[in-house]
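Comments concern the structure below.
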Amino acid sequence: MAKLVSITVCALVVLGMMVGSGWSLICRNCFSTESFAKCELMGLPVNCTAQLVNENHARFFPDNPTLVPGNETEFRCFRINGWRKGVNGTDIGLRGFGQGCTFNSTDFCSGWSGTLNITGCATCTKDNCDQEPNIPTVGPPVTAVPTNPSTGATQATTTKKPSNGATGLQQQMQLGAVILVLLNIILGSRN
């Protein structure tokens, strides 16, 4: 009986690890005063969490008071760059390049202070989409999708990632993997 309990506990731990790490939106989390290339060297792709979003929002809150803390479970990646304005509106040489997680319901690209010149801001809702150089600057989240491969013409389409961050096929594959692990543990314990 004790062996069956330990197998059940082990299976639940494996299930918890798979659910906790595999079903969240993945974005790079970084900030640089030099470039996006430097930003990306300083920050790795991470699974979005409410705690991480709240840290990002706190960093930017003095320049955007609409970025408030929360406890949501749906996320989007952001990519923003701009420069600080001096008293008379001139460029004082301070640059910022940031990428990270925000809440899906947050209009991240709006509400910025007049002391900043935001030269690019975009959000998107698929894993690592903040790495794409063609995400739009200011505007709704869109991804360029080829409509005519021979001419390279594109059509903007909005994408929305499920609240748990995985597509339907990814969810089925992850659930299948969990079931296989559990069956292997259960059947292996009978031998």
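Starting from 1 in every chain, residues are counted up; chains themselves are A, B, ... following the order of the structure tokens, and ligands are numbered from 1 as listed.
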Spatial neighbours of Gly98 of chain A, max dist 9 Å, only C-alpha atoms, sep filter under 6 positions, as a PDB file with N, CA, C and O atoms, in the first residue's frame:
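So selection_4.pdb came out as:
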```
ATOM      1  N   ASN A  29      12.448  38.236 -21.288  1.00  0.00           N
ATOM      2  CA  ASN A  29      12.279  39.281 -20.286  1.00  0.00           C
ATOM      3  C   ASN A  29      13.614  39.990 -20.097  1.00  0.00           C
ATOM      4  O   ASN A  29      14.543  39.424 -19.534  1.00  0.00           O
ATOM      5  N   CYS A  30      13.703  41.244 -20.607  1.00  0.00           N
ATOM      6  CA  CYS A  30      14.967  41.961 -20.524  1.00  0.00           C
ATOM      7  C   CYS A  30      14.756  43.457 -20.718  1.00  0.00           C
ATOM      8  O   CYS A  30      13.699  43.892 -21.187  1.00  0.00           O
ATOM      9  N   PHE A  31      15.763  44.226 -20.351  1.00  0.00           N
ATOM     10  CA  PHE A  31      15.762  45.673 -20.574  1.00  0.00           C
ATOM     11  C   PHE A  31      17.201  46.115 -20.792  1.00  0.00           C
ATOM     12  O   PHE A  31      18.109  45.664 -20.115  1.00  0.00           O
ATOM     13  N   SER A  32      17.413  46.989 -21.785  1.00  0.00           N
ATOM     14  CA  SER A  32      18.739  47.510 -22.086  1.00  0.00           C
ATOM     15  C   SER A  32      18.645  48.982 -22.432  1.00  0.00           C
ATOM     16  O   SER A  32      17.627  49.436 -22.963  1.00  0.00           O
ATOM     17  N   THR A  33      19.710  49.714 -22.157  1.00  0.00           N
ATOM     18  CA  THR A  33      19.783  51.115 -22.567  1.00  0.00           C
ATOM     19  C   THR A  33      20.545  51.256 -23.883  1.00  0.00           C
ATOM     20  O   THR A  33      20.751  52.369 -24.350  1.00  0.00           O
ATOM     21  N   SER A  35      20.399  48.464 -26.905  1.00  0.00           N
ATOM     22  CA  SER A  35      19.767  47.899 -28.096  1.00  0.00           C
ATOM     23  C   SER A  35      18.951  46.664 -27.723  1.00  0.00           C
ATOM     24  O   SER A  35      19.109  46.121 -26.628  1.00  0.00           O
ATOM     25  N   PHE A  36      18.121  46.196 -28.668  1.00  0.00           N
ATOM     26  CA  PHE A  36      17.412  44.939 -28.454  1.00  0.00           C
ATOM     27  C   PHE A  36      18.396  43.771 -28.419  1.00  0.00           C
ATOM     28  O   PHE A  36      18.198  42.811 -27.680  1.00  0.00           O
ATOM     29  N   CYS A  39      19.683  43.650 -24.997  1.00  0.00           N
ATOM     30  CA  CYS A  39      18.577  43.217 -24.148  1.00  0.00           C
ATOM     31  C   CYS A  39      18.469  41.696 -24.190  1.00  0.00           C
ATOM     32  O   CYS A  39      18.399  41.038 -23.156  1.00  0.00           O
ATOM     33  N   PHE A  78       5.446  41.789 -24.786  1.00  0.00           N
ATOM     34  CA  PHE A  78       5.599  43.152 -25.288  1.00  0.00           C
ATOM     35  C   PHE A  78       7.024  43.366 -25.757  1.00  0.00           C
ATOM     36  O   PHE A  78       7.954  42.671 -25.342  1.00  0.00           O
ATOM     37  N   ARG A  79       7.176  44.324 -26.639  1.00  0.00           N
ATOM     38  CA  ARG A  79       8.490  44.779 -27.123  1.00  0.00           C
ATOM     39  C   ARG A  79       8.347  46.282 -27.283  1.00  0.00           C
ATOM     40  O   ARG A  79       7.468  46.759 -28.004  1.00  0.00           O
ATOM     41  N   ILE A  80       9.191  47.051 -26.581  1.00  0.00           N
ATOM     42  CA  ILE A  80       9.059  48.508 -26.581  1.00  0.00           C
ATOM     43  C   ILE A  80      10.433  49.159 -26.658  1.00  0.00           C
ATOM     44  O   ILE A  80      11.404  48.631 -26.129  1.00  0.00           O
ATOM     45  N   ASN A  81      10.504  50.282 -27.346  1.00  0.00           N
ATOM     46  CA  ASN A  81      11.716  51.076 -27.326  1.00  0.00           C
ATOM     47  C   ASN A  81      11.362  52.550 -27.455  1.00  0.00           C
ATOM     48  O   ASN A  81      10.300  52.908 -27.951  1.00  0.00           O
TER      49      ASN A  81
END
```
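For the set A:Gln99, A:Ser105, A:Asn88, A:Asn71, the residue with the smallest atom-to-atom gap to Ile26 of chain A is A:Gln99, counting only C-alpha atoms.
In terms of minimum interatomic distance to Ile118 of chain A, A:Arg95 ranks closest within A:Gly86, A:Gly43, A:Arg95, A:Val68, counting only C-alpha atoms.
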Open item on the list: Based on the backbone DSSP call, show me all residues of segment 6-137 of chain A assigned strand (DSSP E), as an MDAnalysis selection string.
Closed with: chainID A and resid 26:28 30:32 45:47 75:85 91:103 116:124
Keeping only C-alpha atoms, write the selected residues to a file as a PDB file, in the first residue's frame.
```
ATOM      1  CA  ILE A  26       6.883  32.302 -23.242  1.00  0.00           C
ATOM      2  CA  CYS A  27       8.471  35.732 -23.752  1.00  0.00           C
ATOM      3  CA  ARG A  28      11.996  37.088 -23.395  1.00  0.00           C
ATOM      4  CA  CYS A  30      14.967  41.961 -20.524  1.00  0.00           C
ATOM      5  CA  PHE A  31      15.762  45.673 -20.574  1.00  0.00           C
ATOM      6  CA  SER A  32      18.739  47.510 -22.086  1.00  0.00           C
ATOM      7  CA  PRO A  45      12.868  33.447 -22.509  1.00  0.00           C
ATOM      8  CA  VAL A  46      10.648  32.842 -19.482  1.00  0.00           C
ATOM      9  CA  ASN A  47       7.178  31.539 -18.736  1.00  0.00           C
ATOM     10  CA  PHE A  75      -0.632  37.035 -20.964  1.00  0.00           C
ATOM     11  CA  ARG A  76       0.937  38.712 -23.966  1.00  0.00           C
ATOM     12  CA  CYS A  77       4.533  39.537 -24.843  1.00  0.00           C
ATOM     13  CA  PHE A  78       5.599  43.152 -25.288  1.00  0.00           C
ATOM     14  CA  ARG A  79       8.490  44.779 -27.123  1.00  0.00           C
ATOM     15  CA  ILE A  80       9.059  48.508 -26.581  1.00  0.00           C
ATOM     16  CA  ASN A  81      11.716  51.076 -27.326  1.00  0.00           C
ATOM     17  CA  GLY A  82      12.020  54.830 -26.988  1.00  0.00           C
ATOM     18  CA  TRP A  83      14.003  57.712 -25.607  1.00  0.00           C
ATOM     19  CA  ARG A  84      13.663  60.185 -22.752  1.00  0.00           C
ATOM     20  CA  LYS A  85      12.781  63.799 -23.604  1.00  0.00           C
ATOM     21  CA  ASP A  91      16.519  64.029 -26.956  1.00  0.00           C
ATOM     22  CA  ILE A  92      18.732  63.837 -23.863  1.00  0.00           C
ATOM     23  CA  GLY A  93      20.410  60.608 -24.985  1.00  0.00           C
ATOM     24  CA  LEU A  94      18.705  58.110 -22.646  1.00  0.00           C
ATOM     25  CA  ARG A  95      17.446  55.103 -24.603  1.00  0.00           C
ATOM     26  CA  GLY A  96      15.414  52.106 -23.542  1.00  0.00           C
ATOM     27  CA  PHE A  97      14.772  48.720 -25.181  1.00  0.00           C
ATOM     28  CA  GLY A  98      12.539  46.272 -23.337  1.00  0.00           C
ATOM     29  CA  GLN A  99      10.819  42.947 -23.840  1.00  0.00           C
ATOM     30  CA  GLY A 100       8.716  40.940 -21.441  1.00  0.00           C
ATOM     31  CA  CYS A 101       5.318  39.782 -20.242  1.00  0.00           C
ATOM     32  CA  THR A 102       2.189  41.801 -19.615  1.00  0.00           C
ATOM     33  CA  PHE A 103      -1.425  40.825 -18.965  1.00  0.00           C
ATOM     34  CA  LEU A 116       9.109  59.728 -23.371  1.00  0.00           C
ATOM     35  CA  ASN A 117       9.197  59.373 -27.127  1.00  0.00           C
ATOM     36  CA  ILE A 118       8.037  55.796 -27.698  1.00  0.00           C
ATOM     37  CA  THR A 119       9.476  54.909 -31.109  1.00  0.00           C
ATOM     38  CA  GLY A 120       8.184  51.349 -31.156  1.00  0.00           C
ATOM     39  CA  CYS A 121       5.726  49.344 -29.096  1.00  0.00           C
ATOM     40  CA  ALA A 122       3.982  46.078 -29.854  1.00  0.00           C
ATOM     41  CA  THR A 123       2.327  43.165 -28.099  1.00  0.00           C
ATOM     42  CA  CYS A 124       1.658  39.653 -29.342  1.00  0.00           C
TER      43      CYS A 124
END
```
Open item on the list: Please report the interatomic distance between atom CA of Met42 of chain A and atom CA of Asn64 of chain A in Å with one decimal.
Closed with: 23.4 Å
Task: Interatomic distance (Å, one decimal) between atom CA of Gln51 of chain A and atom CA of Ser110 of chain A - done: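 We find that atom CA of Gln51 of chain A and atom CA of Ser110 of chain A lie 21.5 Å from each other.
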Open item on the list: To one decimal place in Å, what is the distance between atom CA of Glu40 of chain A and atom CA of Asn128 of chain A?
Closed with: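 Value for the atom CA of Glu40 of chain A-atom CA of Asn128 of chain A distance: 11.7 Å.
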